[in-house]
$ cat final34.txt   # compact mmCIF, C-alpha atoms
# COMPACT_ATOMS: atom_id res chain seq x y z
CA MET A 162 23.45 11.62 -2.61
CA LYS A 163 21.76 10.43 -5.83
CA THR A 164 23.77 11.08 -9.01
CA THR A 165 22.33 11.04 -12.52
CA HIS A 166 24.76 9.90 -15.19
CA THR A 167 25.19 8.46 -18.69
CA ARG A 168 27.30 5.47 -19.67
CA LYS A 169 29.57 7.36 -22.02
CA SER A 170 32.75 6.04 -20.51
CA ARG A 171 34.06 3.68 -17.91
CA LEU A 172 35.68 6.65 -16.23
CA ALA A 173 32.28 8.23 -15.62
CA LEU A 174 31.04 5.07 -13.94
CA ILE A 175 34.11 4.91 -11.71
CA ALA A 176 33.66 8.56 -10.82
CA VAL A 177 30.03 8.08 -9.87
CA ALA A 178 30.94 5.03 -7.81
CA GLY A 179 33.47 7.13 -5.92
CA VAL A 180 30.93 9.83 -5.18
CA LEU A 181 28.39 7.27 -4.02
CA ALA A 182 30.97 5.62 -1.77
CA ILE A 183 31.60 8.92 -0.03
CA ALA A 184 27.92 9.76 0.34
CA GLY A 185 27.16 6.22 1.42
CA LEU A 186 29.35 6.52 4.49
CA VAL A 187 27.98 9.90 5.56
CA THR A 188 24.35 8.88 4.98
CA HIS A 189 24.75 5.43 6.52
CA VAL A 190 26.52 6.62 9.64
CA PHE A 191 24.29 9.56 10.22
CA ALA A 192 21.63 8.29 9.27
CA ASP A 193 -2.59 -7.13 21.47
CA THR A 194 -6.02 -6.36 22.82
CA PRO A 195 -8.95 -6.58 20.34
CA PRO A 196 -10.92 -3.37 19.68
CA THR A 197 -13.92 -2.77 21.89
CA GLU A 198 -17.39 -1.77 20.81
CA PRO A 199 -18.07 1.91 20.07
CA THR A 200 -19.70 4.15 22.62
CA GLU A 201 -22.96 5.98 22.01
CA PRO A 202 -22.25 9.14 20.02
CA THR A 203 -22.77 12.45 21.72
CA THR A 204 -24.97 15.19 20.28
CA PRO A 205 -22.93 17.88 18.53
CA ALA A 206 -23.59 21.57 18.93
CA GLU A 207 -25.99 23.05 16.41
CA PRO A 208 -24.45 25.20 13.66
CA PRO A 209 -24.91 28.98 13.91
CA ALA A 210 -28.07 30.48 12.44
CA GLU A 211 -26.01 32.56 10.02
CA PRO A 212 -23.20 30.26 8.89
CA PRO A 213 -20.01 32.12 7.91
CA ALA A 214 -18.85 32.12 4.32
CA GLU A 215 -16.30 29.42 3.78
CA PRO A 216 -12.86 30.29 2.33
CA ALA A 217 -12.52 30.11 -1.42
CA VAL A 218 -10.86 27.07 -2.91
CA GLU A 219 -8.56 27.16 -5.92
CA PRO A 220 -9.50 24.58 -8.54
CA PRO A 221 -6.79 23.23 -10.84
CA ALA A 222 -4.90 25.95 -12.72
CA ASP A 223 -6.30 24.95 -16.09
CA GLU A 224 -9.84 25.56 -14.88
CA GLY A 225 -9.16 29.25 -14.12
CA LEU A 226 -12.12 29.68 -11.73
CA LYS A 227 -12.52 30.22 -8.02
CA VAL A 228 -15.30 28.60 -6.05
CA SER A 229 -16.65 29.63 -2.66
CA TYR A 230 -19.03 27.67 -0.44
CA ARG A 231 -21.71 28.32 2.14
CA TYR A 232 -24.32 26.18 3.82
CA GLU A 233 -27.80 26.71 5.24
CA GLY A 234 -29.34 23.90 7.26
CA LYS A 235 -29.10 20.80 5.08
CA THR A 236 -28.04 22.53 1.83
CA LEU A 237 -24.56 23.26 0.49
CA PHE A 238 -24.15 26.04 -2.09
CA ALA A 239 -21.17 26.55 -4.44
CA ASN A 240 -20.76 30.00 -6.06
CA ASP A 241 -18.34 31.43 -8.60
CA GLU A 242 -16.36 34.69 -8.19
CA SER A 243 -19.34 36.84 -9.12
CA GLY A 244 -21.54 35.11 -6.54
CA LYS A 245 -23.51 33.18 -9.14
CA GLU A 246 -24.67 29.78 -7.98
CA MET A 247 -22.81 26.95 -9.73
CA TRP A 248 -24.41 24.01 -7.97
CA LYS A 249 -26.01 22.96 -4.70
CA LYS A 250 -26.53 19.76 -2.78
CA THR A 251 -29.13 18.91 -0.11
CA PHE A 252 -28.43 16.28 2.57
CA ASP A 253 -30.67 14.26 4.88
CA SER A 254 -29.28 15.99 7.99
CA ASP A 255 -27.88 19.40 8.90
CA ILE A 256 -24.46 20.39 7.63
CA LEU A 257 -21.99 21.07 10.45
CA LYS A 258 -18.93 22.25 8.54
CA ILE A 259 -17.29 22.51 5.14
CA ILE A 260 -13.64 21.56 4.59
CA THR A 261 -11.93 22.61 1.36
CA ALA A 262 -8.82 21.34 -0.39
CA THR A 263 -7.18 22.20 -3.71
CA ASP A 264 -9.33 19.87 -5.80
CA ALA A 265 -11.93 18.66 -3.31
CA VAL A 266 -14.59 19.92 -0.92
CA PHE A 267 -15.89 17.92 2.07
CA ALA A 268 -19.32 18.44 3.55
CA VAL A 269 -19.62 17.15 7.12
CA THR A 270 -23.11 16.47 8.44
CA LYS A 271 -24.38 14.80 11.61
CA ARG A 272 -24.35 11.44 9.85
CA GLU A 273 -21.82 11.46 7.02
CA VAL A 274 -18.81 12.96 5.25
CA ALA A 275 -19.31 13.61 1.52
CA LEU A 276 -16.61 14.49 -1.02
CA PHE A 277 -17.41 16.68 -4.04
CA THR A 278 -15.53 17.89 -7.10
CA PRO A 279 -15.40 21.70 -6.75
CA LEU A 280 -16.43 22.89 -10.23
CA SER A 281 -19.00 20.32 -11.26
CA GLY A 282 -20.39 19.45 -7.83
CA VAL A 283 -20.17 15.74 -8.64
CA GLN A 284 -20.34 13.71 -5.45
CA ARG A 285 -17.43 11.30 -5.50
CA TRP A 286 -18.38 9.38 -2.38
CA SER A 287 -20.13 9.50 0.98
CA TYR A 288 -18.81 7.96 4.19
CA LYS A 289 -21.04 7.27 7.21
CA ALA A 290 -19.60 8.86 10.35
CA ALA A 291 -21.28 10.57 13.31
CA ASP A 292 -20.00 13.51 15.35
CA VAL A 293 -16.92 14.08 13.20
CA GLU A 294 -14.41 16.30 15.02
CA LYS A 295 -11.54 16.41 12.55
CA ILE A 296 -10.77 15.59 8.90
CA GLU A 297 -7.22 15.55 7.57
CA LEU A 298 -6.00 14.83 4.04
CA ARG A 299 -2.78 12.86 4.04
CA ASP A 300 -1.28 11.72 0.75
CA ALA A 301 -3.92 9.49 -0.89
CA THR A 302 -5.96 9.05 2.29
CA VAL A 303 -8.44 10.98 4.43
CA ILE A 304 -8.35 10.68 8.23
CA ILE A 305 -11.79 11.02 9.81
CA LEU A 306 -11.83 11.34 13.60
CA SER A 307 -14.91 11.08 15.81
CA PRO A 308 -15.21 10.17 19.51
CA SER A 309 -16.18 6.57 18.82
CA GLN A 310 -14.24 5.85 15.62
CA LEU A 311 -11.05 6.73 13.77
CA SER A 312 -11.06 5.93 10.04
CA VAL A 313 -8.33 6.07 7.42
CA VAL A 314 -10.23 6.28 4.12
CA ASN A 315 -9.02 5.87 0.54
CA MET A 316 -9.25 9.32 -1.08
CA ASP A 317 -10.33 7.95 -4.48
CA THR A 318 -12.92 5.39 -3.43
CA GLY A 319 -14.18 6.55 -0.03
CA LYS A 320 -13.66 3.01 1.27
CA ASP A 321 -11.92 2.13 4.53
CA ALA A 322 -8.21 1.54 4.28
CA TRP A 323 -8.64 0.64 7.96
CA ARG A 324 -10.48 1.88 11.03
CA ILE A 325 -10.66 1.36 14.78
CA LYS A 326 -13.48 1.67 17.30
CA GLY A 327 -13.28 2.01 21.04
CA ALA A 328 -15.27 2.34 24.24
CA ASP A 329 -13.02 5.20 25.35
CA PRO A 330 -13.52 8.37 23.32
CA PHE A 331 -10.86 9.23 20.75
CA THR A 332 -9.77 12.83 21.10
CA GLU A 333 -6.48 12.91 19.21
CA TYR A 334 -3.92 10.97 17.20
CA ILE A 335 -0.23 11.47 16.47
CA ILE A 336 1.49 10.36 13.26
CA LEU A 337 5.19 9.60 13.61
CA ASP A 338 7.53 9.52 10.62
CA ASP A 339 4.52 9.13 8.25
CA ARG A 340 4.30 5.45 9.11
CA ILE A 341 3.00 5.00 12.64
CA MET A 342 -0.20 6.42 14.11
CA VAL A 343 -0.43 6.64 17.90
CA VAL A 344 -3.96 6.89 19.35
CA PRO A 345 -4.25 7.67 23.08
CA THR A 346 -7.43 7.45 25.13
CA GLU A 347 -8.03 7.83 28.87
CA LYS A 348 -7.25 4.18 29.57
CA ARG A 349 -4.80 3.03 26.90
CA VAL A 350 -2.42 4.03 24.13
CA MET A 351 -2.43 2.15 20.83
CA ALA A 352 -0.06 2.35 17.88
CA PHE A 353 -0.79 1.26 14.31
CA ALA A 354 1.14 0.95 11.06
CA TYR A 355 -0.34 3.85 9.12
CA GLY A 356 -0.35 2.09 5.75
CA SER A 357 -2.07 -1.12 6.84
CA GLY A 358 -3.68 -0.41 10.20
CA GLU A 359 -1.81 -3.33 11.76
CA GLN A 360 -1.64 -2.90 15.51
CA LEU A 361 1.93 -2.50 16.75
CA ALA A 362 1.41 -1.59 20.40
CA ASN A 363 -1.38 -1.55 22.97
CA ALA A 364 -0.48 -0.16 26.38
CA SER A 365 -2.88 0.27 29.26
CA ILE A 366 -2.63 3.39 31.42
CA GLY A 367 -2.66 2.77 35.17
CA ASN A 368 -4.98 4.67 37.46
CA ASN A 369 -2.07 6.67 38.90
CA ASP A 370 -0.18 7.12 35.65
CA LYS A 371 -0.46 9.50 32.72
CA PHE A 372 0.53 9.32 29.07
CA VAL A 373 3.04 12.04 28.15
CA GLU A 374 4.28 11.59 24.58
CA PRO A 375 5.36 9.10 21.89
CA LEU A 376 8.81 8.98 20.32
CA LEU A 377 10.03 7.00 17.34
CA ALA A 378 13.69 6.07 16.97
CA GLY A 379 13.90 4.07 13.76
CA PRO A 380 12.03 0.80 14.37
CA ALA A 381 11.90 1.43 18.13
CA LEU A 382 8.70 3.06 19.38
CA ALA A 383 8.72 4.64 22.84
CA LEU A 384 5.48 5.50 24.62
CA ARG A 385 6.37 7.76 27.51
CA PHE A 386 4.28 7.75 30.67
CA GLU A 387 4.95 9.60 33.92
CA LYS A 388 6.15 6.44 35.67
CA GLU A 389 7.80 4.53 32.82
CA ILE A 390 8.78 4.50 29.18
CA ARG A 391 7.50 1.45 27.33
CA LEU A 392 9.31 0.39 24.18
CA TRP A 393 8.33 -1.73 21.18
CA ASN A 394 10.13 -3.26 18.24
CA THR A 395 7.67 -2.20 15.53
CA LEU A 396 9.17 -4.66 13.03
CA ARG A 397 8.14 -7.65 15.12
CA LYS A 398 5.40 -6.02 17.22
CA LYS A 399 7.36 -7.09 20.28
CA GLU A 400 7.62 -5.17 23.55
CA LEU A 401 11.18 -4.27 24.57
CA PRO A 402 12.55 -3.74 28.11
CA GLN A 403 10.93 -0.82 29.88
CA ILE A 404 12.74 2.24 31.17
CA LYS A 405 11.53 3.18 34.64
CA ALA A 406 11.11 6.90 35.21
CA GLY A 407 12.59 6.32 38.67
CA VAL A 408 15.84 5.11 37.11
CA LEU A 409 16.11 8.29 35.07
CA GLU A 410 15.39 10.39 38.16
CA GLN A 411 18.14 8.58 40.05
CA MET A 412 20.57 9.41 37.26
CA ARG A 413 19.45 13.03 37.34
CA ALA A 414 20.18 13.22 41.07
CA ALA A 415 23.40 11.18 41.00
CA ASN A 416 26.89 12.48 40.36
CA LEU A 417 27.84 12.54 36.69
CA SER A 418 30.36 9.72 36.94
CA ASP A 419 27.83 7.25 38.36
CA ALA A 420 25.07 8.38 35.98
CA ILE A 421 27.17 8.01 32.84
CA GLY A 422 28.44 4.66 34.13
CA ASP A 423 24.86 3.40 34.47
CA LEU A 424 24.03 4.62 30.96
CA GLY A 425 27.14 2.91 29.61
CA ASP A 426 26.07 -0.38 31.19
CA MET A 427 22.64 -0.07 29.61
CA VAL A 428 23.97 0.73 26.13
CA ALA A 429 26.53 -2.10 26.26
CA ALA A 430 24.13 -4.69 27.70
CA GLY A 431 24.40 -8.30 26.64
CA LYS A 432 21.13 -8.57 24.71
CA GLU A 433 20.11 -6.59 21.64
CA ASP A 434 16.73 -5.59 23.12
CA GLU A 435 18.44 -4.22 26.22
CA ARG A 436 20.94 -2.27 24.10
CA VAL A 437 18.08 -0.65 22.20
CA ALA A 438 16.45 0.34 25.51
CA GLY A 439 19.77 1.71 26.73
CA MET A 440 20.20 3.90 23.66
CA ALA A 441 16.63 5.16 24.01
CA ALA A 442 17.47 6.10 27.59
CA LEU A 443 20.20 8.41 26.26
CA ILE A 444 17.47 10.64 24.81
CA TYR A 445 15.64 10.94 28.13
CA ALA A 446 18.52 10.93 30.65
CA LYS A 447 19.18 14.53 31.73
CA ASN A 448 20.85 16.38 34.59
CA LYS A 449 19.20 18.83 36.99
CA GLU A 450 19.53 21.60 34.39
CA ASP A 451 17.73 19.46 31.78
CA LYS A 452 20.92 18.98 29.78
CA LEU A 453 21.53 15.55 28.24
CA LEU A 454 23.82 13.49 30.47
CA ILE A 455 25.83 12.27 27.48
CA VAL A 456 26.47 15.87 26.39
CA ASP A 457 27.31 16.87 29.95
CA ALA A 458 29.78 13.99 30.18
CA LEU A 459 31.54 14.81 26.90
CA ALA A 460 32.09 18.38 28.15
CA SER A 461 33.37 17.25 31.56
CA LYS A 462 36.83 18.20 32.84
CA ASP A 463 37.12 14.75 34.40
CA GLU A 464 39.08 12.57 31.98
CA ASN A 465 37.45 9.37 33.23
CA ILE A 466 33.95 10.71 32.64
CA VAL A 467 34.88 11.82 29.12
CA LYS A 468 36.34 8.37 28.37
CA ALA A 469 33.18 6.69 29.64
CA ALA A 470 31.05 8.87 27.36
CA GLN A 471 33.36 8.18 24.44
CA GLY A 472 32.95 4.47 25.18
CA ILE A 473 29.19 4.83 24.74
CA MET A 474 29.72 6.50 21.36
CA ALA A 475 32.20 3.77 20.37
CA ALA A 476 29.63 1.07 21.20
CA MET A 477 27.03 2.90 19.12
CA ALA A 478 29.48 3.13 16.21
CA GLU A 479 29.84 -0.64 16.37
CA TYR A 480 26.07 -1.17 16.46
CA GLN A 481 25.50 1.25 13.60
CA HIS A 482 28.10 -0.50 11.48
CA GLY A 483 27.11 -4.08 12.12
CA GLY A 484 23.68 -3.97 13.73
CA GLY A 485 20.74 -5.94 12.38
CA GLU A 486 17.33 -4.71 11.31
CA LEU A 487 16.56 -3.37 14.80
CA LEU A 488 19.88 -2.35 16.38
CA GLY A 489 21.48 -0.61 13.39
CA PRO A 490 18.55 1.63 12.36
CA THR A 491 17.73 2.41 16.00
CA THR A 492 21.33 3.53 16.58
CA SER A 493 21.20 5.88 13.60
CA ALA A 494 17.86 7.34 14.70
CA VAL A 495 18.98 7.83 18.31
CA LEU A 496 22.19 9.50 17.13
CA GLU A 497 20.18 11.85 14.93
CA LYS A 498 17.95 12.86 17.85
CA LEU A 499 20.91 13.33 20.20
CA ALA A 500 22.73 15.44 17.63
CA ALA A 501 19.62 17.60 17.15
CA LEU A 502 19.44 18.20 20.92
CA ASP A 503 23.17 18.94 21.24
CA SER A 504 23.98 22.46 20.09
CA SER A 505 27.69 21.93 20.85
CA GLY A 506 28.06 19.22 18.20
CA ALA A 507 30.04 17.05 20.64
CA VAL A 508 27.85 13.95 20.26
CA GLU A 509 28.09 13.93 16.48
CA LYS A 510 31.82 14.62 16.42
CA THR A 511 32.61 11.98 19.04
CA PHE A 512 30.51 9.37 17.28
CA PHE A 513 32.18 10.02 13.93
CA SER A 514 35.62 9.98 15.50
CA ALA A 515 34.84 6.59 17.02
CA TYR A 516 33.46 5.30 13.73
CA TYR A 517 36.49 6.54 11.76
CA THR A 518 38.97 5.11 14.23
CA LYS A 519 37.44 1.66 13.93
CA TYR A 520 36.31 1.55 10.31
CA SER A 521 38.60 3.95 8.42
CA TYR A 522 39.72 1.09 6.17
CA GLU A 523 36.32 1.26 4.48
CA LEU A 524 36.81 4.83 3.26
CA PRO A 525 38.03 5.41 -0.31
CA ASP A 526 41.48 6.96 -0.72
CA PRO A 527 40.96 10.74 -0.22
CA ALA A 528 43.44 11.79 -2.95
CA GLN A 529 41.90 9.40 -5.46
CA THR A 530 38.43 10.59 -4.53
CA LEU A 531 39.35 14.22 -5.21
CA SER A 532 41.21 13.33 -8.41
CA THR A 533 38.18 11.43 -9.72
CA LEU A 534 35.84 14.31 -8.94
CA VAL A 535 38.17 16.82 -10.65
CA THR A 536 38.27 14.57 -13.73
CA MET A 537 34.47 14.61 -13.76
CA LEU A 538 34.59 18.40 -14.17
CA SER A 539 35.84 17.87 -17.72
CA LEU A 540 33.25 15.28 -18.78
CA GLY A 541 30.55 16.13 -21.31
CA ASP A 542 27.59 15.26 -19.09
CA LYS A 543 26.31 18.44 -17.40
CA ASN A 544 24.72 16.55 -14.50
CA LEU A 545 28.03 14.86 -13.71
CA LYS A 546 29.88 18.17 -13.77
CA GLU A 547 27.38 19.80 -11.42
CA SER A 548 27.43 16.83 -9.06
CA ALA A 549 31.23 16.82 -9.06
CA ILE A 550 31.64 20.50 -8.17
CA ARG A 551 28.97 20.23 -5.44
CA SER A 552 30.81 17.24 -3.96
CA LEU A 553 34.19 18.96 -4.18
CA GLU A 554 32.89 22.05 -2.43
CA ALA A 555 31.22 19.95 0.27
CA LEU A 556 34.43 17.99 0.89
CA THR A 557 36.97 20.82 0.68
CA ASP A 558 35.05 24.13 1.00
CA LYS A 559 36.67 25.12 -2.33
CA THR A 560 35.44 25.69 -5.90
CA PHE A 561 38.41 27.49 -7.53
CA GLU A 562 35.72 29.51 -9.35
CA TYR A 563 34.53 26.51 -11.36
CA LYS A 564 30.98 26.88 -12.71
CA SER A 565 29.41 24.21 -14.90
CA GLY A 566 27.62 26.87 -16.98
CA ASP A 567 30.78 28.84 -17.84
CA SER A 568 32.47 28.71 -21.20
CA LEU A 569 34.78 25.81 -22.01
CA ALA A 570 37.84 28.09 -21.71
CA ASP A 571 36.82 29.32 -18.23
CA ARG A 572 36.02 25.78 -17.06
CA ASN A 573 39.38 24.53 -18.28
CA LYS A 574 41.18 27.29 -16.37
CA ALA A 575 39.31 26.35 -13.19
CA VAL A 576 40.12 22.66 -13.71
CA GLU A 577 43.81 23.54 -14.03
CA ARG A 578 43.61 25.40 -10.70
CA TRP A 579 42.11 22.28 -9.13
CA ARG A 580 44.85 20.07 -10.60
CA LYS A 581 47.60 22.41 -9.38
CA TRP A 582 46.11 22.32 -5.87
CA LEU A 583 46.02 18.51 -5.96
CA LYS A 584 49.66 18.37 -7.11
CA ASP A 585 50.85 20.92 -4.52
CA ASN A 586 49.29 18.89 -1.71
CA GLN A 587 50.09 15.39 -2.97
CA GLY A 588 50.46 12.92 -0.12
CA LYS A 589 48.86 15.25 2.44
CA PHE A 590 45.15 14.52 1.99
CA MET A 591 43.28 12.74 4.78
CA TRP A 592 39.70 12.19 5.91
CA ASP A 593 38.27 14.37 8.67
CA VAL A 594 35.16 12.30 9.29
CA PRO A 595 33.75 14.22 12.26
CA ASN A 596 33.46 17.28 10.02
CA ARG A 597 32.60 15.27 6.88
CA LYS A 598 35.57 16.76 5.02
CA ILE A 599 38.82 15.88 3.31
CA LYS A 600 41.57 17.98 4.85
CA ILE A 601 45.26 18.56 4.31
CA ARG A 602 47.51 16.91 6.91
CA GLU A 603 49.48 19.53 8.81

$ encode --input "final34.txt" --output "structure tokens"
Amino acid sequence: MKTTHTRKSRLALIAVAGVLAIAGLVTHVFADTPPTEPTEPTTPAEPPAEPPAEPAVEPPADEGLKVSYRYEGKTLFANDESGKEMWKKTFDSDILKIITATDAVFAVTKREVALFTPLSGVQRWSYKAADVEKIELRDATVIILSPSQLSVVNMDTGKDAWRIKGADPFTEYIILDDRIMVVPTEKRVMAFAYGSGEQLANASIGNNDKFVEPLLAGPALALRFEKEIRLWNTLRKKELPQIKAGVLEQMRAANLSDAIGDLGDMVAAGKEDERVAGMAALIYAKNKEDKLLIVDALASKDENIVKAAQGIMAAMAEYQHGGGELLGPTTSAVLEKLAALDSSGAVEKTFFSAYYTKYSYELPDPAQTLSTLVTMLSLGDKNLKESAIRSLEALTDKTFEYKSGDSLADRNKAVERWRKWLKDNQGKFMWDVPNRKIKIRE
């Protein structure tokens, strides 16, 4: 949680520090083969004789005009709302498609991609590319995909941010977490840092294998094939231990006790790289009903199986708390994915219980936390008051009808109700970390 505040008093700073301490725990816990030469481009299909009218594009609000586009052969036409021609542009080769954005229009021909300003028709840049299959605007870049080349182009200049070429045709790409682009072909799967184009992974696909999907868990990248899951540490561009699909199938067929025992051994392995692989396996390891083994184990009626699953969560709590640049962030990301796949909430609750049991000394005093937030309700800064009541409601599910926009008299009455509640329950407040609350001890 980010809190905006002034420096009017030392009390305000202490209050903000308390709020950040609370949020910090919740957020922190939850939380190479060289390119080959391009192939010969294939001949694209000819555009229809009567090209369809392209959708209108909205220019910036202050311009107040709408522009529509159409193309005939090599010429692009831009018309206003009445159909009057505003500008036109003729290219050296036939236009194949028009792609519009809020403040830009792309003309794709057999040989190039050109970017125009909608109202004036000023050509901002032209980029040479043949047989373009897809154009995507992403932040300040443009992704241009063709069978022989994938380019990430600077939106302002039209220059390469980076690009790759290959002998195997490019048919798709996948962007993970806005920072890694995975590019599969028939014979290999490559991964690149989206911002720089630095190659992070390059995996060949065997004749009898097939690429299935990529998965990113923090700095750990998993490329899943039918026969194995190959892992990389994207921070160091280093391959991690592989997870054999056969191992996962054995777990699926085994009894739950043996399967969860094998997973526990993987997660608690001696080396950091092996621990990361073990945690990644938690995401893929499922029973015959396609239910996560870790979730199945936590719901088991066998006490030993439940304890083994709790041991896995306890190990992850330790890694999340004290892990380095690879282990800690990977733990958080794996936990987030497991929690998203677990509708029962057992994974999240068990992890937080383990974390609280081991590291409860790091939590601020619950009574002092609440008292500080209640004091903030009376401060002059409106942002602090709003942050305080949001935090109080999140921690206690109560507001006592306090509203930062009410009159001073009404706010004071609500603050008195808060103070009475604090006094009535003095000495009873405790953290309920699995539910991210402060509760009253029964």

$ closest_residue --input "final34.txt" --among "A:Leu377, A:Ala549, A:Val535, A:Met591" --to "A:Thr492" --atoms "all atoms listed in the file"
A:Leu377

$ atom_distance --input "final34.txt" --atom1 "atom CA of A:Ala475" --atom2 "atom CA of A:Ala515"
5.1 Å

$ residues_around --input "final34.txt" --residues "A:Phe277" --least-positions-apart "2" --cutoff "6 Å" --atoms "all atoms listed in the file" --output "list in words"
Ala265, Val266, Gly282, Val283, Gln284 and Arg285 of chain A

$ atom_distance --input "final34.txt" --atom1 "atom CA of A:Ala555" --atom2 "atom CA of A:Asn586"
18.2 Å

$ residues_around --input "final34.txt" --residues "A:Ser493" --least-positions-apart "2" --cutoff "12 Å" --atoms "only C-alpha atoms" --output "ChimeraX atom specification"
/A:187-192,377-381,437,440-441,474,477-491,495-500,509,512-513

$ write_last_selection --input "final34.txt" --atoms "C-alpha atoms" --output "compact mmCIF listing (two decimals), in the frame of the given file"
# COMPACT_ATOMS: atom_id res chain seq x y z
CA VAL A 187 27.98 9.90 5.56
CA THR A 188 24.35 8.88 4.98
CA HIS A 189 24.75 5.43 6.52
CA VAL A 190 26.52 6.62 9.64
CA PHE A 191 24.29 9.56 10.22
CA ALA A 192 21.63 8.29 9.27
CA LEU A 377 10.03 7.00 17.34
CA ALA A 378 13.69 6.07 16.97
CA GLY A 379 13.90 4.07 13.76
CA PRO A 380 12.03 0.80 14.37
CA ALA A 381 11.90 1.43 18.13
CA VAL A 437 18.08 -0.65 22.20
CA MET A 440 20.20 3.90 23.66
CA ALA A 441 16.63 5.16 24.01
CA MET A 474 29.72 6.50 21.36
CA MET A 477 27.03 2.90 19.12
CA ALA A 478 29.48 3.13 16.21
CA GLU A 479 29.84 -0.64 16.37
CA TYR A 480 26.07 -1.17 16.46
CA GLN A 481 25.50 1.25 13.60
CA HIS A 482 28.10 -0.50 11.48
CA GLY A 483 27.11 -4.08 12.12
CA GLY A 484 23.68 -3.97 13.73
CA GLY A 485 20.74 -5.94 12.38
CA GLU A 486 17.33 -4.71 11.31
CA LEU A 487 16.56 -3.37 14.80
CA LEU A 488 19.88 -2.35 16.38
CA GLY A 489 21.48 -0.61 13.39
CA PRO A 490 18.55 1.63 12.36
CA THR A 491 17.73 2.41 16.00
CA VAL A 495 18.98 7.83 18.31
CA LEU A 496 22.19 9.50 17.13
CA GLU A 497 20.18 11.85 14.93
CA LYS A 498 17.95 12.86 17.85
CA LEU A 499 20.91 13.33 20.20
CA ALA A 500 22.73 15.44 17.63
CA GLU A 509 28.09 13.93 16.48
CA PHE A 512 30.51 9.37 17.28
CA PHE A 513 32.18 10.02 13.93

$ atom_distance --input "final34.txt" --atom1 "atom CA of A:Arg397" --atom2 "atom CA of A:Asp339"
18.5 Å

$ residues_around --input "final34.txt" --residues "stretch 239-251 of chain A" --least-positions-apart "4" --cutoff "6 Å" --atoms "all atoms listed in the file" --output "ChimeraX atom specification"
/A:227-230,235

$ write_last_selection --input "final34.txt" --atoms "C-alpha atoms" --output "PDB file, keeping the file's coordinate frame"
ATOM      1  CA  LYS A 227     -12.520  30.220  -8.020  1.00  0.00           C
ATOM      2  CA  VAL A 228     -15.300  28.600  -6.050  1.00  0.00           C
ATOM      3  CA  SER A 229     -16.650  29.630  -2.660  1.00  0.00           C
ATOM      4  CA  TYR A 230     -19.030  27.670  -0.440  1.00  0.00           C
ATOM      5  CA  LYS A 235     -29.100  20.800   5.080  1.00  0.00           C
TER       6      LYS A 235
END

$ residues_around --input "final34.txt" --residues "A:Ala352" --least-positions-apart "4" --cutoff "6 Å" --atoms "all atoms listed in the file" --output "ChimeraX atom specification"
/A:342-343,360-362

$ residues_around --input "final34.txt" --residues "stretch 319-321 of chain A" --least-positions-apart "3" --cutoff "8 Å" --atoms "all atoms listed in the file" --output "list in words"
Arg285, Trp286, Ser287, Tyr288, Ser312, Val313, Val314, Asn315, Met316 and Arg324 of chain A

$ residues_near_point --input "final34.txt" --point "(10.8, -3.4, 24.3)" --cutoff "9 Å" --atoms "only C-alpha atoms" --output "PyMOL selection string"
chain A and resi 381-383+391-394+399-403+434-435+437-438

$ residues_near_point --input "final34.txt" --point "(41.6, 25.3, -12.8)" --cutoff "10 Å" --atoms "all atoms listed in the file" --output "number ranges by chain"
A: 535, 538, 560-563, 571-582

$ closest_residue --input "final34.txt" --among "A:Ala446, A:Val508, A:Val344, A:Ala429" --to "A:Val467" --atoms "all atoms listed in the file"
A:Val508

$ build_atoms --input "final34.txt" --residues "stretch 311-319 of chain A" --atoms "N, CA and C atoms" --output "PDB file, keeping the file's coordinate frame"
ATOM      1  N   LEU A 311     -12.080   6.072  14.561  1.00  0.00           N
ATOM      2  CA  LEU A 311     -11.050   6.730  13.770  1.00  0.00           C
ATOM      3  C   LEU A 311     -10.894   5.932  12.481  1.00  0.00           C
ATOM      4  N   SER A 312     -11.083   6.612  11.338  1.00  0.00           N
ATOM      5  CA  SER A 312     -11.060   5.930  10.040  1.00  0.00           C
ATOM      6  C   SER A 312      -9.972   6.524   9.155  1.00  0.00           C
ATOM      7  N   VAL A 313      -9.259   5.653   8.474  1.00  0.00           N
ATOM      8  CA  VAL A 313      -8.330   6.070   7.420  1.00  0.00           C
ATOM      9  C   VAL A 313      -8.957   5.593   6.108  1.00  0.00           C
ATOM     10  N   VAL A 314      -9.389   6.561   5.286  1.00  0.00           N
ATOM     11  CA  VAL A 314     -10.230   6.280   4.120  1.00  0.00           C
ATOM     12  C   VAL A 314      -9.451   6.545   2.834  1.00  0.00           C
ATOM     13  N   ASN A 315      -9.628   5.684   1.857  1.00  0.00           N
ATOM     14  CA  ASN A 315      -9.020   5.870   0.540  1.00  0.00           C
ATOM     15  C   ASN A 315      -9.622   7.113  -0.123  1.00  0.00           C
ATOM     16  N   MET A 316      -8.780   8.050  -0.525  1.00  0.00           N
ATOM     17  CA  MET A 316      -9.250   9.320  -1.080  1.00  0.00           C
ATOM     18  C   MET A 316     -10.036   9.121  -2.376  1.00  0.00           C
ATOM     19  N   ASP A 317      -9.674   8.157  -3.184  1.00  0.00           N
ATOM     20  CA  ASP A 317     -10.330   7.950  -4.480  1.00  0.00           C
ATOM     21  C   ASP A 317     -11.671   7.237  -4.365  1.00  0.00           C
ATOM     22  N   THR A 318     -11.736   6.246  -3.480  1.00  0.00           N
ATOM     23  CA  THR A 318     -12.920   5.390  -3.430  1.00  0.00           C
ATOM     24  C   THR A 318     -13.863   5.691  -2.274  1.00  0.00           C
ATOM     25  N   GLY A 319     -13.359   6.334  -1.218  1.00  0.00           N
ATOM     26  CA  GLY A 319     -14.180   6.550  -0.030  1.00  0.00           C
ATOM     27  C   GLY A 319     -14.360   5.301   0.805  1.00  0.00           C
TER      28      GLY A 319
END
